[in-house]
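Structure file start-v3.csv (CSV, C-alpha atoms) follows.
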```csv
chain,number,residue,atom,x,y,z
A,1,MET,CA,-48.0,33.9,-81.9
A,2,ILE,CA,-49.3,36.2,-79.1
A,3,LYS,CA,-46.5,38.0,-77.3
A,4,LEU,CA,-47.0,38.1,-73.6
A,5,GLN,CA,-46.1,41.3,-71.9
A,6,GLU,CA,-43.3,40.9,-69.4
A,7,SER,CA,-45.5,42.1,-66.5
A,8,VAL,CA,-48.0,39.3,-67.4
A,9,ILE,CA,-45.1,36.7,-67.4
A,10,MET,CA,-43.9,38.0,-64.1
A,11,LYS,CA,-47.4,37.8,-62.6
A,12,ILE,CA,-47.5,34.2,-63.7
A,13,HIS,CA,-44.0,33.8,-62.2
A,14,TYR,CA,-45.0,35.1,-58.8
A,15,GLY,CA,-48.3,33.3,-58.9
A,16,THR,CA,-46.8,29.9,-59.7
A,17,ALA,CA,-44.3,30.5,-56.9
A,18,LEU,CA,-47.0,31.1,-54.3
A,19,GLY,CA,-49.1,28.3,-55.6
A,20,ALA,CA,-46.2,25.9,-55.5
A,21,VAL,CA,-45.3,26.9,-51.9
A,22,VAL,CA,-48.8,26.2,-50.7
A,23,LEU,CA,-49.1,22.8,-52.6
A,24,VAL,CA,-45.6,21.6,-51.6
A,25,ALA,CA,-46.4,22.5,-48.0
A,26,ILE,CA,-49.6,20.3,-48.2
A,27,HIS,CA,-47.5,17.6,-49.8
A,28,ILE,CA,-45.0,17.7,-47.0
A,29,LEU,CA,-47.8,17.7,-44.4
A,30,PHE,CA,-49.2,14.5,-46.0
A,31,ARG,CA,-45.7,12.9,-45.9
A,32,MET,CA,-45.6,13.6,-42.2
A,33,THR,CA,-48.6,11.4,-41.6
A,34,GLN,CA,-46.2,8.4,-42.0
A,35,ASN,CA,-42.6,8.1,-40.9
A,36,PHE,CA,-40.0,8.9,-43.5
A,37,SER,CA,-38.9,5.4,-44.6
A,38,GLU,CA,-42.5,4.2,-44.7
A,39,SER,CA,-43.5,7.2,-46.8
A,40,LEU,CA,-40.9,6.3,-49.5
A,41,GLN,CA,-42.0,2.6,-49.8
A,42,PHE,CA,-43.1,1.6,-53.3
A,43,GLU,CA,-46.7,0.7,-52.1
A,44,SER,CA,-47.1,4.1,-50.3
A,45,VAL,CA,-45.9,6.0,-53.3
A,46,ILE,CA,-48.3,4.2,-55.7
A,47,VAL,CA,-51.2,4.6,-53.3
A,48,ASN,CA,-50.6,8.4,-53.5
A,49,TYR,CA,-50.8,8.4,-57.3
A,50,GLN,CA,-53.9,6.3,-57.2
A,51,PHE,CA,-55.8,8.7,-54.9
A,52,LEU,CA,-57.2,11.1,-57.5
A,53,PRO,CA,-57.1,14.4,-55.5
A,54,TYR,CA,-53.5,13.7,-54.5
A,55,ALA,CA,-52.6,12.9,-58.1
A,56,ILE,CA,-54.2,16.2,-59.3
A,57,MET,CA,-52.2,18.0,-56.6
A,58,LEU,CA,-48.9,16.4,-57.8
A,59,GLU,CA,-49.8,17.3,-61.4
A,60,LEU,CA,-50.4,20.9,-60.3
A,61,ILE,CA,-47.1,21.0,-58.5
A,62,LEU,CA,-45.4,19.7,-61.6
A,63,VAL,CA,-47.0,22.4,-63.8
A,64,LEU,CA,-46.4,25.2,-61.4
A,65,LEU,CA,-42.8,24.3,-60.7
A,66,SER,CA,-42.0,23.7,-64.4
A,67,ILE,CA,-43.4,27.1,-65.4
A,68,HIS,CA,-41.7,28.9,-62.5
A,69,GLY,CA,-38.4,27.2,-62.9
A,70,PHE,CA,-38.0,27.5,-66.6
A,71,ASN,CA,-39.1,31.2,-66.6
A,72,GLY,CA,-36.5,31.8,-63.9
A,73,LEU,CA,-33.9,30.1,-66.1
A,74,ARG,CA,-35.1,32.2,-69.1
A,75,VAL,CA,-34.6,35.4,-67.1
A,76,ILE,CA,-31.1,34.3,-66.0
A,77,LEU,CA,-30.1,33.4,-69.6
A,78,LEU,CA,-31.5,36.7,-71.0
A,79,GLU,CA,-29.4,38.6,-68.5
A,80,LEU,CA,-26.2,36.6,-69.4
A,81,LYS,CA,-26.3,37.4,-73.1
A,82,GLN,CA,-28.2,39.6,-75.5
A,83,GLY,CA,-29.1,39.4,-79.1
A,84,VAL,CA,-32.3,38.9,-81.1
A,85,GLY,CA,-31.6,35.3,-82.2
A,86,TYR,CA,-30.3,34.2,-78.8
A,87,GLU,CA,-33.3,35.7,-77.0
A,88,LYS,CA,-35.7,34.0,-79.4
A,89,ALA,CA,-33.9,30.7,-78.9
A,90,VAL,CA,-34.0,31.1,-75.1
A,91,ASN,CA,-37.7,32.0,-75.1
A,92,TYR,CA,-38.9,29.2,-77.3
A,93,GLY,CA,-36.4,26.8,-75.8
A,94,CYS,CA,-37.9,27.4,-72.3
A,95,ILE,CA,-41.5,27.0,-73.6
A,96,ALA,CA,-40.4,23.7,-75.2
A,97,ALA,CA,-38.7,22.6,-72.0
A,98,ILE,CA,-41.8,23.3,-70.0
A,99,ALA,CA,-43.9,21.3,-72.4
A,100,ILE,CA,-41.5,18.3,-72.4
A,101,LEU,CA,-41.2,18.2,-68.7
A,102,VAL,CA,-44.9,18.5,-68.0
A,103,ALA,CA,-45.6,15.8,-70.7
A,104,TYR,CA,-43.0,13.5,-69.2
A,105,GLY,CA,-44.1,14.1,-65.6
A,106,SER,CA,-47.8,13.7,-66.5
A,107,ARG,CA,-47.0,10.4,-68.2
A,108,THR,CA,-45.4,9.2,-65.0
A,109,ILE,CA,-48.4,10.3,-62.9
A,110,LEU,CA,-50.9,8.7,-65.3
A,111,MET,CA,-48.9,5.5,-65.5
A,112,ALA,CA,-48.6,5.2,-61.8
A,113,GLY,CA,-52.2,6.2,-61.3
A,114,PHE,CA,-53.5,3.5,-63.6
A,115,GLY,CA,-51.0,0.9,-62.2
A,116,MET,CA,-49.2,0.5,-65.6
B,1,MET,CA,-10.1,101.4,-21.8
B,2,ALA,CA,-7.8,100.0,-24.4
B,3,ALA,CA,-9.3,97.5,-26.8
B,4,ILE,CA,-7.8,94.0,-26.6
B,5,THR,CA,-6.6,93.1,-30.0
B,6,PRO,CA,-5.0,89.7,-30.4
B,7,LYS,CA,-1.6,89.8,-31.9
B,8,LEU,CA,-1.0,87.7,-34.9
B,9,SER,CA,1.8,85.8,-33.1
B,10,ASP,CA,-0.7,84.7,-30.4
B,11,GLU,CA,-2.8,82.8,-32.8
B,12,LEU,CA,-2.2,79.1,-33.2
B,13,PRO,CA,-0.8,78.4,-36.7
B,14,SER,CA,-3.2,75.4,-37.0
B,15,THR,CA,-6.2,77.7,-36.9
B,16,ILE,CA,-5.1,79.6,-40.0
B,17,VAL,CA,-3.2,77.1,-42.1
B,18,SER,CA,-4.2,73.5,-42.5
B,19,PRO,CA,-1.3,71.0,-42.3
B,20,THR,CA,-0.4,69.7,-45.7
B,21,SER,CA,0.0,66.0,-46.2
B,22,SER,CA,0.3,64.0,-49.4
B,23,VAL,CA,-1.5,61.1,-51.0
B,24,THR,CA,-0.7,58.7,-53.8
B,25,LEU,CA,-3.1,59.2,-56.7
B,26,ARG,CA,-3.4,56.1,-58.9
B,27,ILE,CA,-5.1,57.0,-62.2
B,28,SER,CA,-6.4,54.4,-64.6
B,29,LYS,CA,-5.1,55.3,-68.1
B,30,PHE,CA,-6.7,53.7,-71.2
B,31,ASN,CA,-7.2,54.8,-74.8
B,32,PRO,CA,-9.4,52.2,-76.6
B,33,LYS,CA,-7.9,53.4,-79.9
B,34,THR,CA,-4.3,52.6,-79.0
B,35,ASP,CA,-4.2,50.5,-75.9
B,36,SER,CA,-5.2,46.8,-75.5
B,37,SER,CA,-5.7,47.1,-71.7
B,38,SER,CA,-5.7,49.8,-69.1
B,39,SER,CA,-2.7,50.8,-67.0
B,40,ILE,CA,-2.3,52.6,-63.7
B,41,GLU,CA,-0.2,55.7,-63.3
B,42,GLU,CA,0.9,56.9,-59.8
B,43,PHE,CA,1.4,60.4,-58.7
B,44,LYS,CA,2.4,61.8,-55.3
B,45,VAL,CA,0.2,64.9,-54.6
B,46,PRO,CA,0.0,67.3,-51.7
B,47,VAL,CA,-3.4,67.7,-50.1
B,48,GLN,CA,-5.1,69.7,-47.5
B,49,LYS,CA,-8.2,68.8,-45.5
B,50,TRP,CA,-10.6,70.4,-47.9
B,51,THR,CA,-9.0,68.9,-51.0
B,52,THR,CA,-11.4,66.9,-53.2
B,53,VAL,CA,-10.6,64.1,-55.5
B,54,LEU,CA,-11.3,66.3,-58.5
B,55,ASP,CA,-8.8,68.9,-57.1
B,56,VAL,CA,-6.1,66.2,-56.9
B,57,ILE,CA,-6.8,65.0,-60.4
B,58,LEU,CA,-6.8,68.5,-61.9
B,59,SER,CA,-3.6,69.3,-60.0
B,60,VAL,CA,-1.9,66.2,-61.6
B,61,LYS,CA,-3.3,67.2,-64.9
B,62,GLN,CA,-2.0,70.8,-64.5
B,63,HIS,CA,1.5,70.0,-63.2
B,64,LEU,CA,2.4,66.4,-63.9
B,65,ASP,CA,0.4,64.8,-66.8
B,66,PRO,CA,-1.6,67.0,-69.0
B,67,SER,CA,-2.8,64.0,-71.1
B,68,ILE,CA,-5.2,62.8,-68.4
B,69,ALA,CA,-8.8,62.7,-69.8
B,70,VAL,CA,-11.4,63.7,-67.2
B,71,ARG,CA,-14.8,65.3,-67.6
B,72,TYR,CA,-15.9,67.9,-65.1
B,73,SER,CA,-17.7,71.2,-64.9
B,74,CYS,CA,-19.4,72.8,-61.9
B,75,ARG,CA,-17.3,71.4,-59.1
B,76,GLN,CA,-20.3,71.5,-56.7
B,77,ALA,CA,-22.2,68.2,-57.4
B,78,SER,CA,-24.7,69.9,-59.6
B,79,CYS,CA,-23.7,69.0,-63.2
B,80,GLY,CA,-23.0,65.3,-62.7
B,81,SER,CA,-20.0,65.3,-65.0
B,82,CYS,CA,-17.2,64.0,-62.8
B,83,GLY,CA,-18.6,60.5,-61.9
B,84,MET,CA,-15.9,57.9,-61.5
B,85,LYS,CA,-14.9,55.0,-59.4
B,86,ILE,CA,-13.0,56.2,-56.4
B,87,ASN,CA,-11.3,53.5,-54.4
B,88,GLY,CA,-13.6,51.0,-56.1
B,89,LYS,CA,-16.9,52.9,-55.3
B,90,PRO,CA,-18.8,55.0,-57.8
B,91,ALA,CA,-18.8,58.7,-56.6
B,92,LEU,CA,-18.5,62.2,-57.8
B,93,ALA,CA,-14.9,63.4,-57.7
B,94,CYS,CA,-15.9,67.0,-56.8
B,95,TYR,CA,-18.1,65.8,-54.0
B,96,THR,CA,-15.6,63.4,-52.4
B,97,LYS,CA,-13.0,64.8,-50.1
B,98,ILE,CA,-9.6,63.1,-49.8
B,99,SER,CA,-10.0,63.3,-45.9
B,100,GLU,CA,-13.2,61.2,-45.9
B,101,LEU,CA,-11.6,58.3,-47.8
B,102,ASN,CA,-9.3,57.5,-44.9
B,103,SER,CA,-6.5,56.3,-47.1
B,104,SER,CA,-3.2,57.7,-48.4
B,105,VAL,CA,-3.7,55.8,-51.7
B,106,ILE,CA,-6.5,57.0,-53.9
B,107,THR,CA,-7.3,55.0,-57.0
B,108,VAL,CA,-9.5,56.6,-59.6
B,109,GLU,CA,-11.0,54.6,-62.5
B,110,PRO,CA,-13.7,55.1,-65.1
B,111,MET,CA,-17.3,54.1,-64.1
B,112,ASN,CA,-18.3,50.6,-64.7
B,113,ASN,CA,-21.0,49.7,-67.3
B,114,PHE,CA,-20.1,52.6,-69.6
B,115,PRO,CA,-17.8,52.4,-72.7
B,116,ILE,CA,-14.6,54.2,-72.0
B,117,LEU,CA,-13.7,57.1,-74.3
B,118,ARG,CA,-10.3,57.7,-72.7
B,119,ASP,CA,-8.9,57.4,-69.1
B,120,LEU,CA,-11.7,58.6,-66.8
B,121,ALA,CA,-14.1,59.9,-69.5
B,122,VAL,CA,-16.9,57.5,-70.4
B,123,ASP,CA,-19.5,57.5,-73.2
B,124,PHE,CA,-23.0,58.6,-72.1
B,125,THR,CA,-24.7,58.0,-75.5
B,126,GLN,CA,-26.6,54.9,-74.4
B,127,PHE,CA,-27.3,56.4,-71.0
B,128,PHE,CA,-29.0,59.5,-72.4
B,129,SER,CA,-30.8,57.4,-75.1
B,130,THR,CA,-32.5,55.2,-72.4
B,131,HIS,CA,-33.2,58.4,-70.4
B,132,LYS,CA,-35.0,59.9,-73.4
B,133,LYS,CA,-36.8,56.6,-74.1
B,134,VAL,CA,-38.9,56.8,-70.9
B,135,ARG,CA,-40.1,60.3,-72.1
B,136,PRO,CA,-38.8,62.3,-69.1
B,137,TYR,CA,-41.2,65.2,-69.4
B,138,ILE,CA,-44.8,66.0,-68.5
B,139,ILE,CA,-47.2,64.6,-71.1
B,140,ARG,CA,-50.6,66.2,-71.3
B,141,ASP,CA,-52.9,67.8,-73.9
B,142,ASP,CA,-53.1,71.3,-72.4
B,143,SER,CA,-50.1,73.4,-71.4
B,144,GLU,CA,-49.0,76.0,-69.0
B,145,ILE,CA,-47.7,78.0,-71.9
B,146,SER,CA,-50.8,78.0,-74.0
B,147,GLU,CA,-52.7,81.1,-74.6
B,148,GLU,CA,-55.3,80.3,-72.0
B,149,THR,CA,-52.6,80.2,-69.3
B,150,LYS,CA,-53.5,77.6,-66.7
B,151,GLU,CA,-51.4,77.1,-63.7
B,152,LEU,CA,-51.0,73.5,-62.7
B,153,LEU,CA,-51.2,73.6,-59.0
B,154,GLN,CA,-50.1,70.8,-56.7
B,155,THR,CA,-50.4,70.2,-53.0
B,156,PRO,CA,-47.2,69.6,-51.0
B,157,LYS,CA,-48.3,65.9,-50.6
B,158,GLU,CA,-48.5,65.6,-54.4
B,159,VAL,CA,-45.1,67.1,-54.9
B,160,GLU,CA,-43.6,64.8,-52.2
B,161,GLU,CA,-44.6,61.8,-54.3
B,162,TYR,CA,-41.9,62.5,-56.9
B,163,LEU,CA,-39.7,65.3,-55.5
B,164,GLN,CA,-36.6,63.3,-54.5
B,165,PHE,CA,-36.6,61.7,-58.0
B,166,SER,CA,-36.5,65.1,-59.6
B,167,TYR,CA,-33.1,65.7,-57.9
B,168,CYS,CA,-31.4,63.4,-60.4
B,169,ILE,CA,-28.4,65.1,-62.1
B,170,LYS,CA,-27.8,62.3,-64.6
B,171,CYS,CA,-24.3,61.5,-63.3
B,172,GLY,CA,-24.6,57.8,-64.2
B,173,LEU,CA,-23.3,56.6,-60.8
B,174,CYS,CA,-26.5,54.4,-60.2
B,175,ASN,CA,-26.0,52.7,-63.6
B,176,SER,CA,-22.4,52.2,-62.8
B,177,ALA,CA,-23.2,50.5,-59.5
B,178,CYS,CA,-26.0,48.3,-60.9
B,179,PRO,CA,-25.1,44.6,-61.0
B,180,THR,CA,-27.8,43.9,-63.7
B,181,MET,CA,-26.2,46.5,-66.0
B,182,ALA,CA,-22.9,44.7,-65.6
B,183,THR,CA,-24.3,41.6,-67.5
B,184,ASP,CA,-27.3,42.9,-69.3
B,185,SER,CA,-26.2,45.6,-71.8
B,186,SER,CA,-29.8,46.1,-72.9
B,187,PHE,CA,-31.2,46.7,-69.4
B,188,ILE,CA,-32.9,50.1,-69.2
B,189,GLY,CA,-31.1,50.9,-66.0
B,190,PRO,CA,-31.9,52.5,-62.6
B,191,GLN,CA,-31.6,56.1,-63.8
B,192,ALA,CA,-34.1,55.8,-66.6
B,193,LEU,CA,-36.5,53.8,-64.3
B,194,ALA,CA,-36.3,56.3,-61.5
B,195,GLN,CA,-37.1,59.1,-64.1
B,196,ALA,CA,-40.0,57.0,-65.4
B,197,TYR,CA,-41.3,56.9,-61.8
B,198,ARG,CA,-40.7,60.6,-61.3
B,199,TYR,CA,-43.2,61.4,-64.2
B,200,VAL,CA,-45.6,58.5,-63.5
B,201,ALA,CA,-46.0,59.7,-59.9
B,202,ASP,CA,-46.6,63.3,-61.0
B,203,ASN,CA,-50.3,64.0,-61.0
B,204,ARG,CA,-50.0,66.6,-63.8
B,205,ASP,CA,-48.7,63.9,-66.1
B,206,ALA,CA,-51.0,61.9,-68.4
B,207,GLY,CA,-48.4,59.7,-70.0
B,208,LYS,CA,-48.4,56.9,-67.4
B,209,LYS,CA,-49.8,54.3,-69.8
B,210,ASP,CA,-47.2,54.9,-72.5
B,211,ARG,CA,-44.3,55.0,-70.0
B,212,LEU,CA,-45.4,51.8,-68.2
B,213,LYS,CA,-45.5,50.1,-71.6
B,214,ILE,CA,-42.0,51.3,-72.4
B,215,ILE,CA,-40.5,49.9,-69.2
B,216,ASP,CA,-42.6,46.6,-69.3
B,217,ASP,CA,-40.0,45.0,-71.6
B,218,SER,CA,-37.9,41.8,-71.4
B,219,HIS,CA,-34.9,44.1,-70.5
B,220,GLY,CA,-37.0,46.6,-68.6
B,221,ILE,CA,-38.1,47.0,-65.0
B,222,TRP,CA,-38.4,43.3,-64.2
B,223,ARG,CA,-34.7,42.7,-64.6
B,224,CYS,CA,-33.9,44.7,-61.4
B,225,HIS,CA,-32.8,42.4,-58.6
B,226,PHE,CA,-33.3,45.1,-55.9
B,227,ALA,CA,-29.6,45.0,-54.9
B,228,GLY,CA,-30.0,48.6,-53.9
B,229,SER,CA,-26.5,49.7,-55.0
B,230,CYS,CA,-28.0,52.4,-57.1
B,231,SER,CA,-29.6,54.1,-54.1
B,232,GLN,CA,-26.4,53.7,-52.0
B,233,VAL,CA,-24.2,55.6,-54.5
B,234,CYS,CA,-26.5,58.4,-55.5
B,235,PRO,CA,-24.9,61.7,-54.5
B,236,LYS,CA,-28.2,63.5,-54.5
B,237,GLY,CA,-30.1,61.2,-52.2
B,238,VAL,CA,-32.4,59.8,-54.9
B,239,ASP,CA,-33.6,56.3,-54.2
B,240,PRO,CA,-33.9,54.6,-57.6
B,241,ALA,CA,-34.4,51.2,-56.0
B,242,MET,CA,-37.5,52.4,-54.2
B,243,GLY,CA,-38.8,54.1,-57.4
B,244,ILE,CA,-38.4,50.8,-59.3
B,245,GLN,CA,-40.4,48.9,-56.6
B,246,LEU,CA,-43.1,51.6,-56.7
B,247,LEU,CA,-43.3,51.4,-60.5
B,248,ARG,CA,-43.7,47.6,-60.2
B,249,GLY,CA,-46.7,48.3,-58.0
B,250,TYR,CA,-48.3,50.1,-60.9
B,251,LEU,CA,-47.6,47.2,-63.3
B,252,LEU,CA,-48.8,44.6,-60.8
B,253,GLY,CA,-52.0,46.6,-60.1
B,254,PHE,CA,-51.2,47.5,-56.4
B,255,ARG,CA,-51.0,51.2,-57.3
B,256,LYS,CA,-53.3,53.2,-59.5
```
Could I get this structure in the form of structure tokens?
Amino acid sequence: MIKLQESVIMKIHYGTALGAVVLVAIHILFRMTQNFSESLQFESVIVNYQFLPYAIMLELILVLLSIHGFNGLRVILLELKQGVGYEKAVNYGCIAAIAILVAYGSRTILMAGFGM
Amino acid sequence: MAAITPKLSDELPSTIVSPTSSVTLRISKFNPKTDSSSSIEEFKVPVQKWTTVLDVILSVKQHLDPSIAVRYSCRQASCGSCGMKINGKPALACYTKISELNSSVITVEPMNNFPILRDLAVDFTQFFSTHKKVRPYIIRDDSEISEETKELLQTPKEVEEYLQFSYCIKCGLCNSACPTMATDSSFIGPQALAQAYRYVADNRDAGKKDRLKIIDDSHGIWRCHFAGSCSQVCPKGVDPAMGIQLLRGYLLGFRK
């Protein structure tokens, strides 16, 4: 398995943070086109998922925040305790967690998008 | 005309002799071979306005408790031997005057983030090994001491790039103050990172690539949270926190 250099991981970390801030800001602006309670109604939510560009944006937010969040958690855990086995478990555990969260979130986006 | 010579009795005693006061010195005592936890011993010591914390400790060691373990050497903030926690803050004992502490109780403890050898003396083995790890010397193929002697000239501006970082005396106070070092025992530390920057920023050096590779580790430069405590406690005015941020610039591609 290719071992990423820490500087590459941190570039991804900063990049995902910036990307997420921009996309979440767009998401919030879209929510402001309706009033708050209307925005959370089942029909409104489903319409968002069925509008392809918006669904892609939600998927991107999911990916960016999953990577950023779990890398942040990895860093915190690596600082709390040290050891070869522990560090390996944290690194692979976080990669697995990102994959699981993205898979589960994507499933939700797809199901809502296709009206399943 | 007779010369006016002031009589000794005319002079104010305070201009000659500083009034003596006393402070309570609390010393942390701990021997990892025999003790399970550290204890505090208290001593009442006379001080004058120029008395340093090291003077007080040595006075106690000489007159009251010769068993106190303390490392010191130059007594002028040049050797970096007498680093310790003074009233909770990492500082050099020889460079800290009792009068500037504004307290009649002085507590001295060993530095944080270092294994304790005994009392105030800590183990620098890991500290020096991380210092060596960043290759703290000029790396280049030619040399000033080769047969074809070549002087490596630098402009004042080029020297300024790294000068403050070359003032490091390896006292360990920055590592002691670092919050990351408190939890991450594998962290390379602000001292080694500042030294890495000192040589990376030196235009005579050709080892930048190697050095950046060494610090670009999971317990390397990226674990710094920029708390800035390292720069605050440095007795020589070095700013390791700034050095670390500048080094990050190289790794992120902002600096060449």
Exercise for the section: With a cut-off of 8 Å and counting all atoms listed in the file, select all residues of chain B in contact with chain A and give the selection as a list of chain:residue names. Expected result: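 Residues satisfying the distance criterion: B:Thr180, B:Thr183, B:Asp184, B:Ser185, B:Ser186, B:Asp216, B:Asp217, B:Ser218, B:Trp222, B:Arg223, B:Leu251, B:Leu252.
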Completion exercise
Across A:His27, A:Tyr92, A:Phe36, A:Ser106, the smallest distance to Met57 in chain A, with all atoms listed in the file counted, is shown by A:His27
Handout entry: Nearest-residue call for Phe124 in chain B, choices B:Gly237, B:Glu42, B:Leu173, B:Gly243, using only C-alpha atoms
Key =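 Of the candidates, the smallest distance to Phe124 in chain B is held by B:Leu173.
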Problem - Å distance separating CA of Met116 in chain A from CA of Ser37 in chain A, one decimal place - result: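 So the two atoms, CA of Met116 in chain A and CA of Ser37 in chain A, lie 23.9 Å apart.
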Practice task
Could you give me, as an MDAnalysis selection string, the residues within 12 Å of Leu60 in chain A, counting all atoms listed in the file and dropping anything in the same chain fewer than 5 positions from it?
Solution key: chainID A and resid 16:17 19:24 27 53:55 65:67 102 105:106 109
Exercise for the section: Excluding Val108 in chain B and residues on its chain fewer than 4 positions from it, collect all residues at most 6 Å away from it, counting only C-alpha atoms, and give them as an MDAnalysis selection string. Expected result: chainID B and resid 27 85:86
Practice task
Find the residues near Ala112 in chain A: any atom within 12 Å, counting only C-alpha atoms, skip ones fewer than 5 places away on the same chain, and give them as a list of chain:residue names.
Solution key: A:Phe42, A:Glu43, A:Ser44, A:Val45, A:Ile46, A:Val47, A:Asn48, A:Tyr49, A:Gln50, A:Phe51, A:Leu52, A:Ala55, A:Leu58, A:Gly105, A:Ser106, A:Arg107
Exercise for the section: Just the residues within 10 Å of range 74-84 of chain B, please, counting only C-alpha atoms, with nothing from its chain fewer than 5 positions along; format it as a VMD selection string. Expected result: chain B and resid 52 to 55 89 to 96 108 to 112 120 to 122 167 to 173 176 235 to 236
Problem - Radius query 12 Å about (-33.7, 53.0, -72.0), atoms used: only C-alpha atoms, as a ChimeraX atom specification - result: /B:125-136,175,181,185-196,211,214-221
Could those residues be written to a file, using C-alpha atoms, as an mmCIF file, in the coordinates of the input?
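Here's the written file out.cif:
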```cif
data_model
loop_
_atom_site.group_PDB
_atom_site.id
_atom_site.type_symbol
_atom_site.label_atom_id
_atom_site.label_comp_id
_atom_site.auth_asym_id
_atom_site.auth_seq_id
_atom_site.Cartn_x
_atom_site.Cartn_y
_atom_site.Cartn_z
ATOM 1 C CA THR B 125 -24.700 58.000 -75.500
ATOM 2 C CA GLN B 126 -26.600 54.900 -74.400
ATOM 3 C CA PHE B 127 -27.300 56.400 -71.000
ATOM 4 C CA PHE B 128 -29.000 59.500 -72.400
ATOM 5 C CA SER B 129 -30.800 57.400 -75.100
ATOM 6 C CA THR B 130 -32.500 55.200 -72.400
ATOM 7 C CA HIS B 131 -33.200 58.400 -70.400
ATOM 8 C CA LYS B 132 -35.000 59.900 -73.400
ATOM 9 C CA LYS B 133 -36.800 56.600 -74.100
ATOM 10 C CA VAL B 134 -38.900 56.800 -70.900
ATOM 11 C CA ARG B 135 -40.100 60.300 -72.100
ATOM 12 C CA PRO B 136 -38.800 62.300 -69.100
ATOM 13 C CA ASN B 175 -26.000 52.700 -63.600
ATOM 14 C CA MET B 181 -26.200 46.500 -66.000
ATOM 15 C CA SER B 185 -26.200 45.600 -71.800
ATOM 16 C CA SER B 186 -29.800 46.100 -72.900
ATOM 17 C CA PHE B 187 -31.200 46.700 -69.400
ATOM 18 C CA ILE B 188 -32.900 50.100 -69.200
ATOM 19 C CA GLY B 189 -31.100 50.900 -66.000
ATOM 20 C CA PRO B 190 -31.900 52.500 -62.600
ATOM 21 C CA GLN B 191 -31.600 56.100 -63.800
ATOM 22 C CA ALA B 192 -34.100 55.800 -66.600
ATOM 23 C CA LEU B 193 -36.500 53.800 -64.300
ATOM 24 C CA ALA B 194 -36.300 56.300 -61.500
ATOM 25 C CA GLN B 195 -37.100 59.100 -64.100
ATOM 26 C CA ALA B 196 -40.000 57.000 -65.400
ATOM 27 C CA ARG B 211 -44.300 55.000 -70.000
ATOM 28 C CA ILE B 214 -42.000 51.300 -72.400
ATOM 29 C CA ILE B 215 -40.500 49.900 -69.200
ATOM 30 C CA ASP B 216 -42.600 46.600 -69.300
ATOM 31 C CA ASP B 217 -40.000 45.000 -71.600
ATOM 32 C CA SER B 218 -37.900 41.800 -71.400
ATOM 33 C CA HIS B 219 -34.900 44.100 -70.500
ATOM 34 C CA GLY B 220 -37.000 46.600 -68.600
ATOM 35 C CA ILE B 221 -38.100 47.000 -65.000
#
```
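Take CA of Cys178 in chain B and CA of Gly249 in chain B: the distance between them is 20.9 Å.
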Have range 98-109 of chain A completed to N, CA and C atoms, please, and pass it along as a PDB file, in the coordinates of the input.
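What follows is the written file result_27.pdb:
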```pdb
ATOM      1  N   ILE A  98     -40.637  23.420 -70.862  1.00  0.00           N
ATOM      2  CA  ILE A  98     -41.800  23.300 -70.000  1.00  0.00           C
ATOM      3  C   ILE A  98     -42.731  22.202 -70.496  1.00  0.00           C
ATOM      4  N   ALA A  99     -43.007  22.259 -71.800  1.00  0.00           N
ATOM      5  CA  ALA A  99     -43.900  21.300 -72.400  1.00  0.00           C
ATOM      6  C   ALA A  99     -43.411  19.861 -72.263  1.00  0.00           C
ATOM      7  N   ILE A 100     -42.102  19.688 -72.513  1.00  0.00           N
ATOM      8  CA  ILE A 100     -41.500  18.300 -72.400  1.00  0.00           C
ATOM      9  C   ILE A 100     -41.572  17.811 -71.002  1.00  0.00           C
ATOM     10  N   LEU A 101     -41.181  18.681 -70.053  1.00  0.00           N
ATOM     11  CA  LEU A 101     -41.200  18.200 -68.700  1.00  0.00           C
ATOM     12  C   LEU A 101     -42.560  17.909 -68.138  1.00  0.00           C
ATOM     13  N   VAL A 102     -43.532  18.770 -68.485  1.00  0.00           N
ATOM     14  CA  VAL A 102     -44.900  18.500 -68.000  1.00  0.00           C
ATOM     15  C   VAL A 102     -45.435  17.238 -68.683  1.00  0.00           C
ATOM     16  N   ALA A 103     -45.140  17.039 -69.973  1.00  0.00           N
ATOM     17  CA  ALA A 103     -45.600  15.800 -70.700  1.00  0.00           C
ATOM     18  C   ALA A 103     -45.009  14.584 -70.037  1.00  0.00           C
ATOM     19  N   TYR A 104     -43.701  14.614 -69.768  1.00  0.00           N
ATOM     20  CA  TYR A 104     -43.000  13.500 -69.200  1.00  0.00           C
ATOM     21  C   TYR A 104     -43.516  13.179 -67.772  1.00  0.00           C
ATOM     22  N   GLY A 105     -43.664  14.235 -66.978  1.00  0.00           N
ATOM     23  CA  GLY A 105     -44.100  14.100 -65.600  1.00  0.00           C
ATOM     24  C   GLY A 105     -45.577  13.594 -65.568  1.00  0.00           C
ATOM     25  N   SER A 106     -46.406  14.131 -66.468  1.00  0.00           N
ATOM     26  CA  SER A 106     -47.800  13.700 -66.500  1.00  0.00           C
ATOM     27  C   SER A 106     -47.915  12.245 -66.896  1.00  0.00           C
ATOM     28  N   ARG A 107     -47.056  11.856 -67.810  1.00  0.00           N
ATOM     29  CA  ARG A 107     -47.000  10.400 -68.200  1.00  0.00           C
ATOM     30  C   ARG A 107     -46.723   9.567 -67.015  1.00  0.00           C
ATOM     31  N   THR A 108     -45.766   9.958 -66.210  1.00  0.00           N
ATOM     32  CA  THR A 108     -45.400   9.200 -65.000  1.00  0.00           C
ATOM     33  C   THR A 108     -46.595   9.132 -64.037  1.00  0.00           C
ATOM     34  N   ILE A 109     -47.238  10.285 -63.825  1.00  0.00           N
ATOM     35  CA  ILE A 109     -48.400  10.300 -62.900  1.00  0.00           C
ATOM     36  C   ILE A 109     -49.514   9.438 -63.393  1.00  0.00           C
TER      37      ILE A 109
END
```
